[in-house]
Amino acid sequence: MSYRFLDHTADVAVEIEAPTLGELYAEALAAFTDTVTERERVQPAAERRFAVESADAESLLVDWLGDLLYAFEVDSLLFRDAEVEVEEDSDGRVRLTARARGEAYDPARHRIKVLVKAVTYHLLEVRRADDGGWRGRVIFDI
């Protein structure tokens with residue numbers, strides 16, 4: 001499992017790799033938090049459950065990260081990690097359930113790197129990799 005930040009002119013682009021689709025979305029959470037602040041400083045002191053449903057895997061990634069952005073902006077919550085499960089139904093819709101662990105944003109401990117304004121569909125990708133794992137790419141508007 002891993003993610004890496006890509007060079008991008010004005011926004012933050014992230015490429016993610018994981019052996020399973022659920023782990024890909026868990027890594028996306030880590031990348032989001034690492035975009036906003038130093039993730040290692042976020043303590044897993046509280047837990048929040050998420051349930052997200054979307055038309056496809058790409059939309060699910062945007063919706064999932066959008067929920068994390070909302071939790072940060074409205075509830076002042078940052079997440080360190082999550083256990084994520086993803087299921088696809090017979091119509092092709094995908095559902096994510098997650099238990100995310102983190103804590104309330106504390107400006108004394110959580111230095112803001114950049115503020116994410118939105119999760120974009122630009123160059124968005126979620127696909128099976130040749131090795132059987134999963135690859136994804138997302139861009140954060142900052």
# chains A, B, ... in the order shown; residues from 1 in each chain; ligands from 1
$ residues_around --residues "Glu53 (chain A)" --least-positions-apart "3" --cutoff "10 Å" --atoms "only C-alpha atoms" --output "number ranges by chain"
A: 56-57, 59-60, 63-64, 86-88, 93-97
$ residues_around --residues "Glu125 (chain A)" --least-positions-apart "5" --cutoff "8 Å" --atoms "only C-alpha atoms" --output "VMD selection string"
chain A and resid 58 135 to 138
$ write_last_selection --atoms "C-alpha atoms" --output "PDB file, in the first residue's frame"
ATOM      1  CA  GLU A  58     -14.194   6.782  -9.482  1.00  0.00           C
ATOM      2  CA  ARG A 135      -4.319   1.957  -8.766  1.00  0.00           C
ATOM      3  CA  GLY A 136      -5.947   5.334  -8.339  1.00  0.00           C
ATOM      4  CA  ARG A 137      -5.309   8.983  -9.029  1.00  0.00           C
ATOM      5  CA  VAL A 138      -7.093  12.025  -7.649  1.00  0.00           C
TER       6      VAL A 138
END
$ residues_around --residues "Asp11 (chain A)" --least-positions-apart "4" --cutoff "9 Å" --atoms "only C-alpha atoms" --output "NGL selection string"
:A and (7 or 116 or 139-142)
$ write_last_selection --atoms "C-alpha atoms" --output "CSV table (one decimal), in the first residue's frame"
chain,number,residue,atom,x,y,z
A,7,ASP,CA,3.9,17.3,-9.7
A,116,VAL,CA,-8.2,21.6,0.2
A,139,ILE,CA,-6.5,15.8,-7.7
A,140,PHE,CA,-7.3,18.1,-4.8
A,141,ASP,CA,-8.2,21.7,-5.7
A,142,ILE,CA,-6.3,23.9,-3.3
$ select_by_dssp --residues "region 21-83 of chain A" --states "alpha helix (DSSP H)" --output "ChimeraX atom specification"
/A:21-36,57-75
$ closest_residue --among "A:Glu38, A:Ala31, A:Val62, A:Glu73" --to "Val126 (chain A)" --atoms "only C-alpha atoms"
A:Val62
$ atom_distance --atom1 "CA of Gly102 (chain A)" --atom2 "CA of Glu23 (chain A)"
17.2 Å
$ select_by_dssp --residues "region 73-130 of chain A" --states "strand (DSSP E or B)" --output "VMD selection string"
chain A and resid 77 to 88 94 to 104 118 to 119 125 to 128
$ write_last_selection --atoms "N, CA and C atoms" --output "compact mmCIF listing (two decimals), in the first residue's frame"
# COMPACT_ATOMS: atom_id res chain seq x y z
N LEU A 77 -12.59 17.63 12.17
CA LEU A 77 -12.02 16.32 12.42
C LEU A 77 -10.96 15.98 11.38
N LEU A 78 -9.87 15.41 11.86
CA LEU A 78 -8.81 14.87 11.01
C LEU A 78 -8.71 13.37 11.28
N PHE A 79 -8.41 12.59 10.24
CA PHE A 79 -8.33 11.15 10.41
C PHE A 79 -6.94 10.63 10.07
N ARG A 80 -6.46 9.74 10.89
CA ARG A 80 -5.14 9.14 10.70
C ARG A 80 -5.22 7.92 9.79
N ASP A 81 -6.23 7.06 10.01
CA ASP A 81 -6.35 5.83 9.24
C ASP A 81 -7.78 5.33 9.26
N ALA A 82 -8.04 4.27 8.51
CA ALA A 82 -9.39 3.71 8.45
C ALA A 82 -9.35 2.27 8.00
N GLU A 83 -10.34 1.54 8.42
CA GLU A 83 -10.61 0.21 7.87
C GLU A 83 -11.77 0.41 6.91
N VAL A 84 -11.56 0.04 5.65
CA VAL A 84 -12.54 0.34 4.61
C VAL A 84 -12.92 -0.95 3.89
N GLU A 85 -14.21 -1.10 3.66
CA GLU A 85 -14.72 -2.20 2.85
C GLU A 85 -15.51 -1.61 1.69
N VAL A 86 -15.34 -2.20 0.52
CA VAL A 86 -16.05 -1.74 -0.67
C VAL A 86 -16.73 -2.94 -1.31
N GLU A 87 -18.00 -2.75 -1.64
CA GLU A 87 -18.78 -3.80 -2.31
C GLU A 87 -19.42 -3.23 -3.55
N GLU A 88 -19.54 -4.07 -4.57
CA GLU A 88 -20.23 -3.67 -5.81
C GLU A 88 -21.49 -4.51 -5.94
N VAL A 94 -21.36 1.03 -6.30
CA VAL A 94 -20.39 0.63 -5.28
C VAL A 94 -20.73 1.29 -3.95
N ARG A 95 -20.48 0.53 -2.88
CA ARG A 95 -20.75 1.01 -1.53
C ARG A 95 -19.49 0.87 -0.69
N LEU A 96 -19.22 1.92 0.06
CA LEU A 96 -18.08 1.94 0.96
C LEU A 96 -18.59 2.05 2.38
N THR A 97 -18.06 1.23 3.26
CA THR A 97 -18.27 1.40 4.70
C THR A 97 -16.89 1.50 5.32
N ALA A 98 -16.78 2.40 6.28
CA ALA A 98 -15.46 2.65 6.87
C ALA A 98 -15.58 3.00 8.34
N ARG A 99 -14.55 2.60 9.07
CA ARG A 99 -14.33 3.05 10.44
C ARG A 99 -13.04 3.86 10.42
N ALA A 100 -13.18 5.17 10.50
CA ALA A 100 -12.02 6.06 10.44
C ALA A 100 -11.65 6.50 11.85
N ARG A 101 -10.35 6.53 12.12
CA ARG A 101 -9.86 6.93 13.44
C ARG A 101 -9.06 8.23 13.32
N GLY A 102 -9.33 9.13 14.26
CA GLY A 102 -8.63 10.40 14.26
C GLY A 102 -8.99 11.21 15.48
N GLU A 103 -8.96 12.51 15.31
CA GLU A 103 -9.23 13.40 16.44
C GLU A 103 -9.62 14.79 15.94
N ALA A 104 -10.03 15.61 16.88
CA ALA A 104 -10.38 17.00 16.55
C ALA A 104 -9.13 17.77 16.15
N ALA A 118 -11.60 21.41 -2.76
CA ALA A 118 -12.51 20.43 -3.37
C ALA A 118 -11.72 19.23 -3.86
N VAL A 119 -12.44 18.14 -4.03
CA VAL A 119 -11.91 16.93 -4.67
C VAL A 119 -12.42 16.96 -6.10
N GLU A 125 -8.96 8.56 -11.65
CA GLU A 125 -8.84 7.19 -12.13
C GLU A 125 -8.85 6.21 -10.95
N VAL A 126 -9.59 5.12 -11.11
CA VAL A 126 -9.52 3.96 -10.23
C VAL A 126 -9.58 2.75 -11.15
N ARG A 127 -8.54 1.91 -11.10
CA ARG A 127 -8.50 0.78 -12.04
C ARG A 127 -7.72 -0.38 -11.44
N ARG A 128 -7.98 -1.55 -12.01
CA ARG A 128 -7.21 -2.75 -11.67
C ARG A 128 -5.83 -2.62 -12.27
$ atom_distance --atom1 "CA of Val12 (chain A)" --atom2 "CA of Thr35 (chain A)"
7.8 Å
$ atom_distance --atom1 "CA of His122 (chain A)" --atom2 "CA of Ser90 (chain A)"
27.3 Å
$ closest_residue --among "A:Ala108, A:Leu61, A:Leu115, A:Leu124" --to "Leu24 (chain A)" --atoms "only C-alpha atoms"
A:Leu61
$ closest_residue --among "A:Leu123, A:Ala28, A:Asp91, A:Val42" --to "Gly66 (chain A)" --atoms "only C-alpha atoms"
A:Ala28
$ decode --residues "region 27-45 of chain A" --atoms "N, CA and C atoms" --output "short mmCIF file (atom, residue, chain, number, x, y, z; two decimals), in the first residue's frame"
data_model
loop_
_atom_site.label_atom_id
_atom_site.label_comp_id
_atom_site.auth_asym_id
_atom_site.auth_seq_id
_atom_site.Cartn_x
_atom_site.Cartn_y
_atom_site.Cartn_z
N GLU A 27 -5.92 4.23 1.82
CA GLU A 27 -4.72 5.02 1.48
C GLU A 27 -5.11 6.41 0.99
N ALA A 28 -6.25 6.53 0.34
CA ALA A 28 -6.72 7.84 -0.10
C ALA A 28 -6.98 8.74 1.11
N LEU A 29 -7.55 8.17 2.18
CA LEU A 29 -7.74 8.92 3.41
C LEU A 29 -6.39 9.41 3.94
N ALA A 30 -5.40 8.53 3.97
CA ALA A 30 -4.07 8.91 4.46
C ALA A 30 -3.49 10.03 3.61
N ALA A 31 -3.64 9.93 2.30
CA ALA A 31 -3.12 10.97 1.40
C ALA A 31 -3.83 12.30 1.61
N PHE A 32 -5.14 12.24 1.81
CA PHE A 32 -5.90 13.47 2.07
C PHE A 32 -5.38 14.15 3.33
N THR A 33 -5.25 13.38 4.42
CA THR A 33 -4.79 13.96 5.68
C THR A 33 -3.37 14.49 5.54
N ASP A 34 -2.51 13.76 4.82
CA ASP A 34 -1.14 14.22 4.60
C ASP A 34 -1.09 15.47 3.73
N THR A 35 -2.09 15.69 2.94
CA THR A 35 -2.16 16.93 2.16
C THR A 35 -2.44 18.11 3.07
N VAL A 36 -3.35 17.91 4.01
CA VAL A 36 -3.78 18.99 4.89
C VAL A 36 -2.79 19.26 6.03
N THR A 37 -2.25 18.20 6.62
CA THR A 37 -1.38 18.35 7.79
C THR A 37 -0.40 17.17 7.85
N GLU A 38 0.38 17.10 8.90
CA GLU A 38 1.29 15.98 9.11
C GLU A 38 0.50 14.84 9.75
N ARG A 39 0.19 13.83 8.97
CA ARG A 39 -0.70 12.75 9.41
C ARG A 39 -0.18 12.04 10.66
N GLU A 40 1.12 11.90 10.80
CA GLU A 40 1.67 11.20 11.96
C GLU A 40 1.37 11.92 13.27
N ARG A 41 0.99 13.19 13.20
CA ARG A 41 0.65 13.94 14.41
C ARG A 41 -0.81 13.79 14.80
N VAL A 42 -1.61 13.16 13.94
CA VAL A 42 -3.03 12.94 14.23
C VAL A 42 -3.15 11.64 15.03
N GLN A 43 -3.73 11.73 16.19
CA GLN A 43 -3.89 10.57 17.06
C GLN A 43 -5.22 9.85 16.78
N PRO A 44 -5.23 8.53 16.86
CA PRO A 44 -6.46 7.77 16.63
C PRO A 44 -7.33 7.73 17.89
N ALA A 45 -7.70 8.89 18.41
CA ALA A 45 -8.39 8.99 19.70
C ALA A 45 -9.90 8.77 19.61
#
